[in-house]
Each structure stands twice: as structure tokens, then as C-alpha cells.
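Colleague: This is the structure I have questions about; it appears just below.
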Amino acid sequence: MSARADITVDLLTLNAGSVFRAGGTADANLNHEVPFGKSRRLIIAIKEGTSTAGTWTFKAGSRDLAAPKGGQGDLVITPGASETQLVVVESARFMQTDGNLYINVNSVPGTRTISAIRMPAVG
């Protein structure tokens, strides 16, 4: 598999304010990976440019198909032009064997951005 662009992850702090940084530019040539870390859930903020809407594919994990969330397949999101969507993903469905979430981005005109937020581990 080809290299993927790393996404910097912001960590939410339980019962406190957390800084949210502006997203990085989405790269359709490399696609992206986001480490789950100790959290089981990530919030991914995706923003389309001002041109044609494209697709963002959250790749299904490489877990055992018998696992509770295994075998559900990829999740494809198509935001409208200039639209921002927040996507909550969980490790049980999307974590790859290397501990990352893989996100593929198709190539469309315009600047698209992506940000990642790690939910605090609870319990």
C-alpha cells in the first residue's frame, strides 16, 4: 500500500475546554490515516471546497468478520459544496491492524480540509 498523510489529532479534555485547530488540506494523492490511540472513538471534521462535492471513504477495519462491528464495510460520506460534516467513527468498525483509521479522498477541484479529534477515554 502507498504512503498515507498523517492527520494531527486534537484531544478533547473531559469536563474542560479544548482547543480545536483548523484542519489541514486533504490530499487525494496520499489519502489519510489517523491514529485511534487509547480512544475507541474519533470525530473527523471534513470540509468541502466551493466546487463540486466529492467523496470521503472511511475504510472498514481489518478486524475479524465475526467481531461485533466487523464486516459492515466502508462508510462513504458526500458533503455538499462548501459544507462541513462531523463524522464519529469507532475503532470496532474502522481500526486497521496498525491501529489507524484510513480515509480515502477522491480528487475534485477546490480546497478540502480535514481535522481529527480524539474523544477522551471514559470508564
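In the C-alpha cells, chains take the letters A, B, ... in the order shown, each chain's residues start at 1, and ligands count up from 1 in the order shown.
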Using only C-alpha atoms, determine which residues lie at most 12 Å from Val87 in chain A, disregarding the query and same-chain residues fewer than 2 positions distant; provide the list as a list in words.

Modeller: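 In the requested form, the answer reads Arg41, Leu42, Ile43, Ile44, Ala45, Ile46, Lys47, Trp56, Thr57, Phe58, Leu75, Val76, Ile77, Thr78, Pro79, Thr84, Gln85, Val89, Glu90, Ile103, Ile114, Ser115, Ala116, Ile117 and Arg118 of chain A.
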
Colleague: Those residues you just picked out, can you put them in a file as an mmCIF file, in the first residue's frame with N, CA and C atoms?

Modeller:
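As a result, selection04.cif now contains:
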data_model
loop_
_atom_site.group_PDB
_atom_site.id
_atom_site.type_symbol
_atom_site.label_atom_id
_atom_site.label_comp_id
_atom_site.auth_asym_id
_atom_site.auth_seq_id
_atom_site.Cartn_x
_atom_site.Cartn_y
_atom_site.Cartn_z
ATOM 1 N N ARG A 41 -13.123 6.093 19.969
ATOM 2 C CA ARG A 41 -13.890 6.924 19.038
ATOM 3 C C ARG A 41 -13.106 8.162 18.637
ATOM 4 N N LEU A 42 -13.265 8.541 17.368
ATOM 5 C CA LEU A 42 -12.692 9.768 16.830
ATOM 6 C C LEU A 42 -13.806 10.584 16.183
ATOM 7 N N ILE A 43 -13.662 11.891 16.230
ATOM 8 C CA ILE A 43 -14.533 12.782 15.472
ATOM 9 C C ILE A 43 -13.682 13.330 14.333
ATOM 10 N N ILE A 44 -14.148 13.147 13.113
ATOM 11 C CA ILE A 44 -13.435 13.645 11.945
ATOM 12 C C ILE A 44 -14.266 14.774 11.351
ATOM 13 N N ALA A 45 -13.663 15.954 11.223
ATOM 14 C CA ALA A 45 -14.327 17.104 10.607
ATOM 15 C C ALA A 45 -13.832 17.203 9.174
ATOM 16 N N ILE A 46 -14.756 17.108 8.222
ATOM 17 C CA ILE A 46 -14.398 17.195 6.801
ATOM 18 C C ILE A 46 -15.134 18.386 6.196
ATOM 19 N N LYS A 47 -14.398 19.166 5.416
ATOM 20 C CA LYS A 47 -14.996 20.352 4.788
ATOM 21 C C LYS A 47 -14.712 20.329 3.301
ATOM 22 N N TRP A 56 -15.630 11.054 0.579
ATOM 23 C CA TRP A 56 -14.675 10.713 1.622
ATOM 24 C C TRP A 56 -15.024 9.285 2.041
ATOM 25 N N THR A 57 -14.086 8.370 1.900
ATOM 26 C CA THR A 57 -14.351 6.971 2.224
ATOM 27 C C THR A 57 -13.584 6.580 3.483
ATOM 28 N N PHE A 58 -14.328 6.223 4.517
ATOM 29 C CA PHE A 58 -13.750 5.736 5.759
ATOM 30 C C PHE A 58 -13.652 4.218 5.611
ATOM 31 N N LEU A 75 -17.573 3.283 4.974
ATOM 32 C CA LEU A 75 -18.560 4.340 5.117
ATOM 33 C C LEU A 75 -18.180 5.446 4.140
ATOM 34 N N VAL A 76 -19.085 5.813 3.245
ATOM 35 C CA VAL A 76 -18.816 6.856 2.252
ATOM 36 C C VAL A 76 -19.680 8.066 2.574
ATOM 37 N N ILE A 77 -19.029 9.217 2.734
ATOM 38 C CA ILE A 77 -19.706 10.473 3.039
ATOM 39 C C ILE A 77 -19.505 11.421 1.857
ATOM 40 N N THR A 78 -20.577 12.083 1.425
ATOM 41 C CA THR A 78 -20.504 13.046 0.318
ATOM 42 C C THR A 78 -21.117 14.369 0.774
ATOM 43 N N PRO A 79 -20.300 15.245 1.402
ATOM 44 C CA PRO A 79 -20.837 16.546 1.808
ATOM 45 C C PRO A 79 -21.134 17.404 0.582
ATOM 46 N N THR A 84 -19.461 21.512 5.841
ATOM 47 C CA THR A 84 -18.630 20.809 6.823
ATOM 48 C C THR A 84 -19.484 19.745 7.490
ATOM 49 N N GLN A 85 -18.932 18.550 7.605
ATOM 50 C CA GLN A 85 -19.627 17.483 8.324
ATOM 51 C C GLN A 85 -18.707 16.931 9.395
ATOM 52 N N VAL A 89 -16.417 8.068 14.299
ATOM 53 C CA VAL A 89 -16.070 6.700 13.911
ATOM 54 C C VAL A 89 -15.548 5.957 15.140
ATOM 55 N N GLU A 90 -15.777 4.651 15.151
ATOM 56 C CA GLU A 90 -15.326 3.845 16.283
ATOM 57 C C GLU A 90 -14.332 2.791 15.832
ATOM 58 N N ILE A 103 -8.644 6.995 5.664
ATOM 59 C CA ILE A 103 -9.642 7.809 4.970
ATOM 60 C C ILE A 103 -9.135 8.076 3.563
ATOM 61 N N ILE A 114 -9.455 18.603 6.433
ATOM 62 C CA ILE A 114 -9.776 17.502 7.329
ATOM 63 C C ILE A 114 -9.120 17.755 8.676
ATOM 64 N N SER A 115 -9.863 17.474 9.751
ATOM 65 C CA SER A 115 -9.368 17.590 11.124
ATOM 66 C C SER A 115 -9.794 16.345 11.882
ATOM 67 N N ALA A 116 -9.062 16.021 12.932
ATOM 68 C CA ALA A 116 -9.400 14.859 13.757
ATOM 69 C C ALA A 116 -9.395 15.240 15.225
ATOM 70 N N ILE A 117 -10.370 14.722 15.953
ATOM 71 C CA ILE A 117 -10.494 14.979 17.385
ATOM 72 C C ILE A 117 -10.633 13.633 18.076
ATOM 73 N N ARG A 118 -9.798 13.394 19.075
ATOM 74 C CA ARG A 118 -9.883 12.141 19.824
ATOM 75 C C ARG A 118 -10.765 12.363 21.043
#

Colleague: Using only C-alpha atoms, determine which residues lie at most 12 Å from Asn31 in chain A, disregarding the query and same-chain residues fewer than 2 positions distant; provide the list as a ChimeraX atom specification.

Modeller: /A:1-7,25-29,33-34,55-59,101-107,113-114

Colleague: Apply DSSP to the structure's backbone, then extract all residues of range 26-92 of chain A labelled strand (DSSP E) and return them as an MDAnalysis selection string.

Modeller: chainID A and resid 32:35 41:47 56:58 75:77 84:90

Colleague: Could you pull the residues within 10 Å of Lys38 in chain A, counting only C-alpha atoms, minus those fewer than 5 positions along the same chain, as an MDAnalysis selection string?

Modeller: chainID A and resid 91 99 118:121

Colleague: Find the spatial neighbours of Ser82 in chain A, counting only C-alpha atoms, within a cut-off of 10 Å - ignore same-chain residues fewer than 4 positions away - and output them as a short mmCIF file (atom, residue, chain, number, x, y, z; two decimals) with C-alpha atoms, in the first residue's frame.

Modeller:
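Done, and the output landed in out.cif:
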data_model
loop_
_atom_site.label_atom_id
_atom_site.label_comp_id
_atom_site.auth_asym_id
_atom_site.auth_seq_id
_atom_site.Cartn_x
_atom_site.Cartn_y
_atom_site.Cartn_z
CA LYS A 47 -15.00 20.35 4.79
CA GLU A 48 -15.66 20.51 1.08
CA GLY A 49 -14.34 23.32 -1.08
CA THR A 50 -16.56 25.62 -3.06
CA SER A 51 -16.68 23.40 -6.13
CA THR A 52 -18.15 20.00 -6.89
CA ALA A 53 -18.77 17.79 -3.89
CA GLY A 110 -11.20 23.06 -4.80
CA THR A 111 -9.56 23.01 -1.40
CA ARG A 112 -10.87 20.46 1.07
#

Colleague: Just to confirm, what's the straight-line distance from CA of Phe20 in chain A to CA of Phe94 in chain A in Å (one decimal)?

Modeller: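 If I compute the distance from CA of Phe20 in chain A to CA of Phe94 in chain A, I get 23.1 Å.
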
Colleague: What does the distance from CA of Gly80 in chain A to CA of Gly54 in chain A come to in Å, to one decimal?

Modeller: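 The value is 8.0 Å.
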
Colleague: In chain A, what's alpha helix (DSSP H) per DSSP? Answer as an MDAnalysis selection string?

Modeller: chainID A and resid 91:94

Colleague: Measuring between only C-alpha atoms, which one of A:Val9, A:Ala16, A:Pro35, A:Gly61 shows the shortest distance to Ala92 in chain A?

Modeller: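 Of A:Val9, A:Ala16, A:Pro35, A:Gly61, the one nearest Ala92 in chain A, counting only C-alpha atoms, is A:Gly61.
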
Colleague: Tell me, in Å to one decimal, how far CA of Ala60 in chain A is from CA of Thr97 in chain A.

Modeller: 11.1 Å
